[in-house]
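Novice: Structure supplied as data-v6.cif; contents: mmCIF, C-alpha atoms.
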```
data_query
loop_
_atom_site.label_atom_id
_atom_site.label_comp_id
_atom_site.auth_asym_id
_atom_site.auth_seq_id
_atom_site.Cartn_x
_atom_site.Cartn_y
_atom_site.Cartn_z
CA MET A 4 -67.03 26.23 161.55
CA ILE A 5 -66.50 29.49 163.42
CA ALA A 6 -62.98 29.74 162.00
CA ASN A 7 -64.33 29.35 158.47
CA LYS A 8 -66.87 32.11 159.02
CA LYS A 9 -64.16 34.40 160.35
CA ASN A 10 -61.95 33.61 157.36
CA ASN A 11 -64.80 34.33 154.94
CA LEU A 12 -65.57 37.62 156.66
CA ALA A 13 -61.90 38.60 156.63
CA PHE A 14 -61.71 37.74 152.92
CA VAL A 15 -64.74 39.87 152.06
CA ALA A 16 -63.60 42.80 154.20
CA GLY A 17 -60.06 42.66 152.85
CA GLY A 18 -61.31 42.40 149.29
CA LEU A 19 -63.58 45.42 149.69
CA ILE A 20 -60.78 47.50 151.20
CA LEU A 21 -58.44 46.49 148.38
CA MET A 22 -60.99 47.33 145.69
CA PHE A 23 -61.81 50.74 147.14
CA ALA A 24 -58.10 51.49 147.50
CA MET A 25 -57.56 50.56 143.84
CA LEU A 26 -60.53 52.68 142.78
CA LEU A 27 -59.19 55.68 144.69
CA TYR A 28 -55.73 55.18 143.18
CA VAL A 29 -57.00 54.79 139.61
CA PHE A 30 -59.62 57.51 139.48
CA GLY A 31 -58.35 59.82 142.22
CA ASN A 32 -60.35 62.53 143.97
CA THR A 33 -62.57 64.41 141.52
CA SER A 34 -63.79 67.08 143.96
CA SER A 35 -60.94 69.42 143.01
CA GLY A 36 -62.05 69.79 139.38
CA MET A 37 -64.52 72.17 137.78
CA TYR A 38 -67.52 70.05 138.82
CA ALA A 39 -68.80 69.85 142.39
CA THR A 40 -72.04 69.26 144.26
CA ALA A 41 -74.09 72.26 145.37
CA VAL A 42 -77.43 72.94 147.02
CA VAL A 43 -79.98 75.36 145.56
CA ARG A 44 -80.66 78.07 148.14
CA ASN A 45 -82.78 80.59 146.25
CA ILE A 46 -84.54 80.88 142.86
CA ILE A 47 -85.83 84.15 141.40
CA GLN A 48 -87.41 84.36 137.94
CA GLN A 49 -86.22 87.35 135.93
CA PRO A 50 -88.84 89.53 134.23
CA ASP A 51 -87.20 89.30 130.79
CA ILE A 52 -88.58 86.53 128.55
CA ASP A 53 -87.39 85.89 125.01
CA PRO A 54 -90.44 86.63 122.78
CA ASP A 55 -89.36 84.11 120.13
CA THR A 56 -88.43 81.10 122.23
CA GLN A 57 -90.34 82.02 125.41
CA GLU A 58 -87.18 81.06 127.27
CA LYS A 59 -87.27 81.96 130.95
CA VAL A 60 -84.27 83.19 132.90
CA TYR A 61 -83.76 82.44 136.61
CA ALA A 62 -81.27 83.88 139.06
CA VAL A 63 -80.23 80.97 141.25
CA ASP A 64 -78.14 81.05 144.43
CA ILE A 65 -76.22 77.83 145.00
CA GLU A 66 -74.08 76.77 147.94
CA PHE A 67 -71.16 74.52 147.05
CA THR A 68 -70.84 71.50 149.31
CA ALA A 69 -67.63 70.05 147.82
CA GLY A 70 -64.56 71.13 145.91
CA PRO A 71 -62.39 74.23 146.37
CA HIS A 72 -65.43 76.47 146.81
CA ALA A 73 -67.13 74.36 149.49
CA GLY A 74 -69.23 76.48 151.84
CA LYS A 75 -69.48 79.45 149.45
CA ILE A 76 -72.79 80.75 148.09
CA MET A 77 -72.64 81.97 144.50
CA SER A 78 -75.21 83.31 142.05
CA THR A 79 -75.69 82.03 138.52
CA GLU A 80 -78.20 82.29 135.70
CA HIS A 81 -80.28 79.32 134.64
CA PHE A 82 -82.35 79.08 131.45
CA GLU A 83 -85.39 76.93 130.74
CA SER A 84 -87.54 76.64 127.61
CA PRO A 85 -91.23 75.65 127.70
CA GLY A 86 -91.71 71.94 126.97
CA SER A 87 -87.99 71.20 126.66
CA ILE A 88 -86.80 67.80 127.89
CA TYR A 89 -83.63 69.47 129.10
CA ASN A 90 -85.36 71.55 131.75
CA LEU A 91 -84.15 70.76 135.26
CA ASP A 92 -87.21 72.19 137.12
CA LEU A 93 -85.07 73.37 140.00
CA GLU A 94 -86.37 73.52 143.56
CA VAL A 95 -84.96 75.14 146.69
CA GLY A 96 -82.99 72.62 148.74
CA GLN A 97 -82.26 70.41 145.73
CA THR A 98 -78.74 69.03 145.25
CA VAL A 99 -77.29 69.65 141.79
CA LEU A 100 -74.04 69.16 139.94
CA ALA A 101 -72.58 72.65 139.57
CA VAL A 102 -69.71 74.10 137.55
CA ALA A 103 -67.16 76.61 138.78
CA GLU A 104 -64.33 77.44 136.39
CA GLU A 105 -61.78 80.23 136.09
CA GLN A 106 -61.89 81.88 132.65
CA GLU A 107 -59.65 84.89 131.95
CA GLY A 108 -59.43 85.75 135.62
CA GLN A 109 -63.19 85.52 136.14
CA LEU A 110 -65.03 82.76 137.98
CA ILE A 111 -67.83 81.32 135.83
CA THR A 112 -70.50 79.28 137.61
CA GLY A 113 -73.45 77.31 136.35
CA ILE A 114 -75.75 74.35 136.96
CA ASP A 115 -74.96 71.31 134.85
CA GLU A 116 -77.30 68.48 135.91
CA HIS A 117 -79.36 66.89 138.63
CA TYR A 118 -77.07 65.17 141.11
CA LYS A 119 -77.70 61.46 140.47
CA ALA A 120 -74.56 59.84 141.86
CA GLY A 121 -75.83 59.64 145.45
CA ARG A 122 -79.05 57.83 144.56
CA LEU A 123 -77.20 55.69 142.05
CA MET A 124 -74.82 54.55 144.78
CA PHE A 125 -77.81 53.88 147.04
CA LEU A 126 -79.47 51.66 144.42
CA SER A 127 -76.16 49.87 143.79
CA SER A 128 -75.75 49.25 147.52
CA LEU A 129 -79.25 47.78 147.72
CA LEU A 130 -78.44 45.42 144.86
CA LEU A 131 -75.15 44.44 146.50
CA LEU A 132 -76.96 43.64 149.75
CA LEU A 133 -79.58 41.65 147.84
CA ILE A 134 -76.92 39.60 146.04
CA ALA A 135 -75.04 39.04 149.30
CA GLY A 136 -78.26 37.98 151.05
CA VAL A 137 -79.33 35.55 148.32
CA ALA A 138 -75.98 34.16 147.15
CA GLY A 139 -73.96 34.67 150.34
CA LYS A 140 -70.20 34.53 150.02
CA ASN A 141 -70.31 33.61 146.34
CA GLY A 142 -72.45 36.66 145.58
CA VAL A 143 -70.00 38.98 147.33
CA LYS A 144 -67.10 37.34 145.48
CA ALA A 145 -68.91 37.87 142.17
CA MET A 146 -69.39 41.57 142.94
CA LEU A 147 -65.71 41.90 143.87
CA ALA A 148 -64.81 40.28 140.55
CA LEU A 149 -67.07 42.74 138.72
CA PHE A 150 -65.47 45.62 140.61
CA PHE A 151 -62.03 44.45 139.54
CA THR A 152 -63.21 44.18 135.92
CA LEU A 153 -64.43 47.78 135.89
CA ILE A 154 -61.14 49.00 137.36
CA VAL A 155 -59.13 47.15 134.70
CA ILE A 156 -61.27 48.48 131.83
CA PHE A 157 -61.74 52.10 132.93
CA GLY A 158 -58.60 52.61 134.96
CA VAL A 159 -55.94 50.57 133.19
CA LEU A 160 -57.08 49.63 129.67
CA ALA A 161 -58.44 53.08 128.85
CA LYS A 162 -55.31 54.89 130.07
CA LEU A 163 -52.95 52.59 128.18
CA LEU A 164 -55.00 52.92 124.98
CA LEU A 165 -54.75 56.71 125.22
CA SER A 166 -51.00 56.32 125.76
CA GLY A 167 -50.64 54.72 122.34
CA TRP A 168 -50.65 50.99 123.08
CA ALA A 169 -51.86 48.68 120.30
CA PRO A 170 -55.59 48.12 121.01
CA VAL A 171 -56.02 44.46 120.06
CA PRO A 172 -53.05 42.86 121.90
CA LEU A 173 -53.65 45.08 124.93
CA THR A 174 -57.35 44.16 125.06
CA ILE A 175 -56.60 40.44 124.71
CA LEU A 176 -54.12 40.70 127.58
CA SER A 177 -56.64 42.66 129.67
CA ALA A 178 -59.34 40.10 128.91
CA LEU A 179 -57.01 37.31 130.03
CA VAL A 180 -56.26 39.12 133.30
CA ILE A 181 -59.96 39.79 133.87
CA ALA A 182 -60.88 36.16 133.14
CA ILE A 183 -58.15 34.76 135.41
CA VAL A 184 -59.00 37.02 138.35
CA ASN A 185 -62.77 36.59 137.96
CA LEU A 186 -62.67 32.83 137.64
CA LEU A 187 -60.13 32.43 140.44
CA ILE A 188 -62.37 34.49 142.71
CA ILE A 189 -65.47 32.54 141.71
CA ALA A 190 -64.07 29.01 141.25
CA GLY A 191 -60.83 29.19 143.23
CA ARG A 192 -57.54 27.49 142.37
CA THR A 193 -59.26 24.36 141.15
CA LYS A 194 -59.43 22.25 138.02
CA LYS A 195 -62.79 23.84 137.29
CA GLY A 196 -61.22 27.29 137.36
CA LEU A 197 -58.37 26.18 135.09
CA VAL A 198 -60.77 24.69 132.53
CA ALA A 199 -62.96 27.80 132.55
CA ILE A 200 -59.94 30.09 132.08
CA ILE A 201 -58.67 28.11 129.07
CA GLY A 202 -62.14 27.99 127.52
CA THR A 203 -62.73 31.70 128.09
CA PHE A 204 -59.39 32.77 126.67
CA SER A 205 -59.82 30.64 123.56
CA GLY A 206 -63.33 31.96 122.93
CA VAL A 207 -62.28 35.58 123.40
CA VAL A 208 -59.29 35.25 121.06
CA LEU A 209 -61.47 33.60 118.42
CA ALA A 210 -64.09 36.35 118.77
CA GLY A 211 -61.40 38.98 118.33
CA LEU A 212 -60.00 37.17 115.26
CA PHE A 213 -63.47 36.99 113.74
CA GLY A 214 -64.05 40.68 114.42
CA TRP A 215 -60.71 41.68 112.87
CA LEU A 216 -61.29 39.63 109.71
CA ALA A 217 -64.85 40.94 109.42
CA ALA A 218 -63.64 44.54 109.80
CA ILE A 219 -61.16 43.97 106.94
CA MET A 220 -63.67 42.20 104.68
CA LEU A 221 -66.38 44.84 105.24
CA ARG A 222 -63.85 47.69 105.12
CA LEU A 223 -64.98 49.03 108.45
CA THR A 224 -63.03 52.11 109.51
CA GLY A 225 -64.15 52.31 113.12
CA TYR A 226 -66.04 55.59 112.60
CA THR A 227 -69.26 54.35 114.17
CA GLY A 228 -70.65 57.62 115.54
CA HIS A 229 -69.98 61.18 116.61
CA GLU A 230 -67.94 59.97 119.58
CA SER A 231 -65.50 58.21 117.22
CA THR A 232 -64.96 61.38 115.20
CA TYR A 233 -64.56 63.47 118.34
CA LEU A 234 -62.08 60.98 119.79
CA GLN A 235 -60.06 61.07 116.57
CA LEU A 236 -59.97 64.87 116.71
CA LEU A 237 -58.70 64.78 120.28
CA ASN A 238 -56.14 62.07 119.59
CA ALA A 239 -55.26 61.42 115.94
CA GLU A 240 -52.95 58.53 116.88
CA ILE A 241 -55.76 56.26 118.09
CA ASP A 242 -56.52 53.27 115.84
CA LEU A 243 -60.30 53.34 115.52
CA ARG A 244 -60.49 49.99 113.72
CA GLY A 245 -58.42 48.48 116.51
CA LEU A 246 -60.77 50.05 119.05
CA LEU A 247 -63.70 48.46 117.22
CA VAL A 248 -62.10 45.02 117.57
CA SER A 249 -61.22 45.78 121.20
CA GLY A 250 -64.87 46.56 121.88
CA ILE A 251 -65.84 43.25 120.29
CA ILE A 252 -63.43 41.39 122.57
CA ILE A 253 -64.69 43.13 125.72
CA GLY A 254 -68.31 42.61 124.64
CA ALA A 255 -67.77 38.89 124.06
CA LEU A 256 -65.85 38.33 127.30
CA GLY A 257 -68.87 38.11 129.60
CA ALA A 258 -70.85 35.67 127.46
CA VAL A 259 -67.84 33.45 126.76
CA MET A 260 -66.88 33.39 130.43
CA ASP A 261 -70.45 32.46 131.37
CA VAL A 262 -70.51 29.57 128.90
CA SER A 263 -67.07 28.31 129.92
CA ILE A 264 -67.72 28.25 133.67
CA SER A 265 -71.12 26.64 133.12
CA ILE A 266 -69.66 23.76 131.11
CA ALA A 267 -66.63 23.39 133.41
CA SER A 268 -68.87 23.25 136.48
CA SER A 269 -71.41 20.88 134.90
CA LEU A 270 -68.78 18.41 133.71
CA LEU A 271 -67.13 18.42 137.12
CA GLU A 272 -70.45 17.44 138.70
CA ILE A 273 -70.91 14.72 136.08
CA THR A 274 -67.41 13.40 136.76
CA GLN A 275 -68.04 13.23 140.48
CA ALA A 276 -71.42 11.55 140.02
CA ASN A 277 -70.14 9.14 137.37
CA PRO A 278 -66.46 8.28 138.06
CA GLY A 279 -66.53 5.67 135.33
CA TYR A 280 -67.06 8.21 132.53
CA ASP A 281 -64.19 8.31 130.08
CA ARG A 282 -63.04 11.35 128.14
CA ARG A 283 -65.25 10.61 125.17
CA LYS A 284 -68.39 10.49 127.29
CA LEU A 285 -67.40 13.62 129.19
CA PHE A 286 -66.80 15.48 125.93
CA ALA A 287 -70.15 14.32 124.55
CA SER A 288 -71.89 15.47 127.74
CA GLY A 289 -70.16 18.84 127.50
CA MET A 290 -71.32 19.30 123.92
CA ASN A 291 -74.89 18.40 124.86
CA ILE A 292 -74.83 20.94 127.68
CA GLY A 293 -73.29 23.51 125.34
CA ARG A 294 -76.01 23.02 122.74
CA ASP A 295 -78.64 23.79 125.37
CA ILE A 296 -76.72 26.86 126.51
CA ILE A 297 -76.39 28.19 122.94
CA GLY A 298 -80.16 28.50 122.56
CA SER A 299 -80.53 30.90 125.48
CA MET A 300 -77.23 32.74 125.09
CA VAL A 301 -77.90 33.58 121.43
CA ASN A 302 -81.07 35.33 122.51
CA THR A 303 -79.21 37.02 125.36
CA LEU A 304 -76.56 38.53 123.10
CA ILE A 305 -78.90 39.59 120.31
CA LEU A 306 -81.52 41.03 122.66
CA ALA A 307 -78.85 42.96 124.57
CA TYR A 308 -77.72 44.74 121.40
CA THR A 309 -81.31 45.17 120.18
CA GLY A 310 -82.42 46.71 123.46
CA ALA A 311 -79.55 49.19 123.35
CA SER A 312 -80.61 50.22 119.82
CA LEU A 313 -84.38 50.33 120.36
CA THR A 314 -84.60 54.10 119.81
CA LEU A 315 -82.71 53.77 116.54
CA ILE A 316 -84.95 50.90 115.42
CA LEU A 317 -88.05 53.05 115.96
CA LEU A 318 -86.44 55.90 114.03
CA PHE A 319 -85.77 53.63 111.07
CA ALA A 320 -89.32 52.26 111.26
CA MET A 321 -90.76 55.78 111.09
CA GLN A 322 -88.60 56.74 108.11
CA LYS A 323 -88.75 53.62 105.98
CA GLU A 324 -88.62 55.58 102.73
CA ASP A 325 -85.41 57.38 103.68
CA PHE A 326 -83.86 54.29 105.28
CA PRO A 327 -84.69 51.17 103.22
CA LEU A 328 -83.13 47.89 104.26
CA ILE A 329 -80.38 48.09 101.63
CA LYS A 330 -79.33 51.47 103.04
CA ILE A 331 -79.44 50.28 106.66
CA MET A 332 -77.36 47.17 105.95
CA ASN A 333 -74.60 49.29 104.40
CA MET A 334 -74.32 51.90 107.15
CA GLU A 335 -71.00 51.77 108.97
CA PHE A 336 -72.31 51.73 112.54
CA ILE A 337 -75.04 49.20 111.72
CA CYS A 338 -72.47 46.84 110.21
CA ALA A 339 -70.25 47.36 113.23
CA GLU A 340 -73.06 46.40 115.63
CA ILE A 341 -73.90 43.31 113.58
CA VAL A 342 -70.24 42.30 113.59
CA ARG A 343 -70.16 42.72 117.38
CA SER A 344 -73.08 40.31 117.72
CA LEU A 345 -71.69 37.79 115.24
CA ALA A 346 -68.21 37.86 116.79
CA GLY A 347 -69.63 37.32 120.27
CA LEU A 348 -71.65 34.36 119.02
CA PHE A 349 -68.64 33.00 117.13
CA GLY A 350 -66.41 33.07 120.19
CA MET A 351 -69.13 31.70 122.46
CA VAL A 352 -70.02 28.79 120.17
CA LEU A 353 -66.40 27.74 119.61
CA ALA A 354 -65.62 28.08 123.32
CA ILE A 355 -68.04 25.21 123.95
CA PRO A 356 -66.07 22.39 122.25
CA VAL A 357 -62.76 23.81 123.51
CA THR A 358 -64.00 23.92 127.11
CA ALA A 359 -65.60 20.48 126.82
CA ALA A 360 -62.40 18.97 125.39
CA VAL A 361 -60.17 20.59 128.03
CA ALA A 362 -62.55 19.56 130.83
CA ALA A 363 -62.70 15.97 129.57
CA TYR A 364 -58.92 15.78 129.52
CA VAL A 365 -58.27 17.57 132.85
CA TYR A 366 -60.99 15.83 134.86
CA SER A 367 -59.98 12.37 133.66
CA ALA A 368 -56.22 12.94 133.87
CA GLY A 369 -54.51 10.66 136.38
CA GLU A 370 -57.58 8.48 136.90
CA SER A 371 -57.39 4.76 136.27
CA GLN A 372 -59.44 3.71 133.27
CA PRO A 373 -59.70 0.49 131.25
CA THR A 374 -57.12 0.18 128.49
CA VAL A 375 -59.75 -0.19 125.79
CA ASN A 376 -61.36 3.12 126.76
CA ILE A 377 -58.02 4.94 126.69
CA ALA A 378 -57.26 3.56 123.26
CA ALA A 379 -60.68 4.58 122.00
CA ASP A 380 -60.28 8.03 123.46
CA THR A 381 -56.90 8.45 121.86
CA ALA A 382 -58.21 7.36 118.49
CA ASN A 383 -61.18 9.69 118.83
CA ILE A 384 -58.98 12.68 119.64
CA GLU A 385 -56.65 11.98 116.79
#
```
Starting from the file, give its structure as structure tokens.

Specialist:
Amino acid sequence: MIANKKNNLAFVAGGLILMFAMLLYVFGNTSSGMYATAVVRNIIQQPDIDPDTQEKVYAVDIEFTAGPHAGKIMSTEHFESPGSIYNLDLEVGQTVLAVAEEQEGQLITGIDEHYKAGRLMFLSSLLLLLIAGVAGKNGVKAMLALFFTLIVIFGVLAKLLLSGWAPVPLTILSALVIAIVNLLIIAGRTKKGLVAIIGTFSGVVLAGLFGWLAAIMLRLTGYTGHESTYLQLLNAEIDLRGLLVSGIIIGALGAVMDVSISIASSLLEITQANPGYDRRKLFASGMNIGRDIIGSMVNTLILAYTGASLTLILLFAMQKEDFPLIKIMNMEFICAEIVRSLAGLFGMVLAIPVTAAVAAYVYSAGESQPTVNIAADTANIE
């Protein structure tokens, strides 16, 4: 018992060290760039006020606490307009994200934003402790899996896409790596993990295929917003339609993985509780479980996309005359979001029978069953 606890603790500690080492390697140290943290030391309002905009000018002394200028106090101007949502409302002693950049031999400084990263890390740490306290070892393993996923997407996938790799094959490969690592961490090297990996990969590939065909049928170009245009200007070689499909694959991965591991785990419990179940009964049970999962997961996917677009929905509601339904349904980025939802649902729904069939075969493989049941199973499969 004590040995198991020590092994679990060593696993968690080693995993955390590995993840932080990978994060440092992928993203590097950002304190040497133009952005760095600074503390506001003094604020003086200037007497000049723009008569048209009523914009106020402040002379602010900031002390850099990181980066190449750490320890230095520099002065900069800060502007605020009455009633603007972009006002920072600076206070002495406040930590901000500052800018210090060399331009034509002159050092230009400024205040960019409130410093949020520290409190964000604090909130994330609280959540991590909560998950670890409630779910124990499994909760920590799930967070490590999430950490690995973020590293693959932001540190590996993004860099390779910018290097010119084909988006769709690269994203499918990345999704497979993410699924394998996540499910091995969560389920271990077990039959359950194998079944979940096969089900997840099949669902993700089908979601990507649906998204690609839909993009061709609807003539989607991938220009879904200002960020797409800006990205194309920065790198004209990037395939925006391929990026659209890649986003569909990544978006579907979580839901498909959730469905696959749920069915794989449920059918394993059924097998252990009912050793006499043949493949046909296991498959039928998996489909019944999948049908119940579909009801909640459909709402999960649709509500996730709806919540992210709530501001846009309100804008359309306020301007119904300018944006009738026929106009909205033909807008590029609206069609792209709908395709994302439909592709995720497509992959998730088809992952259910695939996972159920694989689980029925794997869990019953090698077990002694009556000849009549095997014959019936074989006929049913064929």

Novice: Can you tell me which residues surround Ile189 in chain A at a distance of at most 8 Å, considering all atoms listed in the file, apart from same-chain residues fewer than 5 positions away, and format the answer as a list of chain:residue names?

Specialist: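 Answer for this query is A:Asn141, A:Lys144, A:Ala145, A:Ala148.
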
Novice: Report the residues retrieved by the PyMOL selection byres ((chain A and resi 286-295) around 7) from the displayed file, expressed as a compact mmCIF listing (two decimals) with C-alpha atoms, keeping the file's coordinate frame.

Specialist:
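Below you can see part31.txt, which holds the result:
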```txt
# COMPACT_ATOMS: atom_id res chain seq x y z
CA ILE A 266 -69.66 23.76 131.11
CA LEU A 270 -68.78 18.41 133.71
CA ARG A 282 -63.04 11.35 128.14
CA ARG A 283 -65.25 10.61 125.17
CA LYS A 284 -68.39 10.49 127.29
CA LEU A 285 -67.40 13.62 129.19
CA ILE A 296 -76.72 26.86 126.51
CA ILE A 297 -76.39 28.19 122.94
CA GLY A 298 -80.16 28.50 122.56
CA ILE A 355 -68.04 25.21 123.95
CA PRO A 356 -66.07 22.39 122.25
CA ALA A 359 -65.60 20.48 126.82
CA ALA A 360 -62.40 18.97 125.39
CA ALA A 363 -62.70 15.97 129.57
```

Novice: Could you check which of A:Thr203, A:Met77, A:Leu123, A:Ile264 is closest to Gly191 in chain A, using all atoms listed in the file?

Specialist: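 Ranked by minimum distance to Gly191 in chain A, first place goes to A:Ile264.
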
Novice: Do you have the CA of Leu348 in chain A-CA of Gly206 in chain A distance handy?

Specialist: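 Taking CA of Leu348 in chain A as the start and CA of Gly206 in chain A as the end point, the length is 9.5 Å.
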
Novice: Which residue is closest to Thr224 in chain A? Choose from A:Tyr118, A:Phe319, A:Phe151, A:Phe336 and count only C-alpha atoms.

Specialist: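 Checking each of A:Tyr118, A:Phe319, A:Phe151, A:Phe336 against Thr224 in chain A, counting only C-alpha atoms, the winner is A:Phe336.
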
Novice: I want to know what sits within 10 Å of Ile175 in chain A, based on all atoms listed in the file, with residues of the same chain fewer than 2 positions away left out; could you give that as a list in words?

Specialist: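 Here the answer would be Pro170, Val171, Pro172, Leu173, Ser177, Ala178, Leu179, Val180, Ile181, Phe204, Val207, Val208, Gly211, Ser249, Ile252, Ile253 and Leu256 of chain A.
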
Novice: Record the distance separating CA of Glu335 in chain A and CA of Leu164 in chain A, expressed in Å with one decimal.

Specialist: 22.7 Å

Novice: If you measure from CA of Pro71 in chain A to CA of Ala39 in chain A, what distance in Å do you get, rounded to one decimal?

Specialist: 8.7 Å

Novice: From the list A:Ser367, A:Thr68, A:Gln322, A:Gln106, which residue is nearest Thr274 in chain A when using only C-alpha atoms?

Specialist: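 That would be A:Ser367, the residue with the smallest distance to Thr274 in chain A.
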
Novice: Given the file shown, determine the residues that the PyMOL selection byres ((chain A and resi 299-309) around 10) selects; report them as a list in words.

Specialist: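 Selected by the PyMOL selection byres ((chain A and resi 299-309) around 10) here: Gly254, Ala255, Ala258, Val259, Asp261, Val262, Arg294, Asp295, Ile296, Ile297, Gly298, Gly310, Ala311, Ser312, Leu313, Thr314, Leu315, Ile316, Glu340, Ile341, Arg343, Ser344, Leu345, Gly347, Leu348, Met351 and Val352 of chain A.
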
Novice: Save the residues we just selected, C-alpha atoms, as a compact mmCIF listing (two decimals), in the coordinates of the input?

Specialist:
```txt
# COMPACT_ATOMS: atom_id res chain seq x y z
CA GLY A 254 -68.31 42.61 124.64
CA ALA A 255 -67.77 38.89 124.06
CA ALA A 258 -70.85 35.67 127.46
CA VAL A 259 -67.84 33.45 126.76
CA ASP A 261 -70.45 32.46 131.37
CA VAL A 262 -70.51 29.57 128.90
CA ARG A 294 -76.01 23.02 122.74
CA ASP A 295 -78.64 23.79 125.37
CA ILE A 296 -76.72 26.86 126.51
CA ILE A 297 -76.39 28.19 122.94
CA GLY A 298 -80.16 28.50 122.56
CA GLY A 310 -82.42 46.71 123.46
CA ALA A 311 -79.55 49.19 123.35
CA SER A 312 -80.61 50.22 119.82
CA LEU A 313 -84.38 50.33 120.36
CA THR A 314 -84.60 54.10 119.81
CA LEU A 315 -82.71 53.77 116.54
CA ILE A 316 -84.95 50.90 115.42
CA GLU A 340 -73.06 46.40 115.63
CA ILE A 341 -73.90 43.31 113.58
CA ARG A 343 -70.16 42.72 117.38
CA SER A 344 -73.08 40.31 117.72
CA LEU A 345 -71.69 37.79 115.24
CA GLY A 347 -69.63 37.32 120.27
CA LEU A 348 -71.65 34.36 119.02
CA MET A 351 -69.13 31.70 122.46
CA VAL A 352 -70.02 28.79 120.17
```

Novice: Name the residues in contact with Tyr226 in chain A at a cut-off of 12 Å, using only C-alpha atoms, excluding same-chain residues fewer than 6 positions from it; report them as a VMD selection string.

Specialist: chain A and resid 218 232 to 236 241 to 247 334 to 340

Novice: Can you tell me which residues surround range 110-114 of chain A at a distance of at most 7 Å, considering all atoms listed in the file, apart from same-chain residues fewer than 3 positions away, and format the answer as a PyMOL selection string?

Specialist: chain A and resi 79-80+99-106

Novice: Mind dumping the selected residues with C-alpha atoms as an mmCIF file, keeping the file's coordinate frame?

Specialist:
```cif
data_model
loop_
_atom_site.group_PDB
_atom_site.id
_atom_site.type_symbol
_atom_site.label_atom_id
_atom_site.label_comp_id
_atom_site.auth_asym_id
_atom_site.auth_seq_id
_atom_site.Cartn_x
_atom_site.Cartn_y
_atom_site.Cartn_z
ATOM 1 C CA THR A 79 -75.690 82.030 138.520
ATOM 2 C CA GLU A 80 -78.200 82.290 135.700
ATOM 3 C CA VAL A 99 -77.290 69.650 141.790
ATOM 4 C CA LEU A 100 -74.040 69.160 139.940
ATOM 5 C CA ALA A 101 -72.580 72.650 139.570
ATOM 6 C CA VAL A 102 -69.710 74.100 137.550
ATOM 7 C CA ALA A 103 -67.160 76.610 138.780
ATOM 8 C CA GLU A 104 -64.330 77.440 136.390
ATOM 9 C CA GLU A 105 -61.780 80.230 136.090
ATOM 10 C CA GLN A 106 -61.890 81.880 132.650
#
```
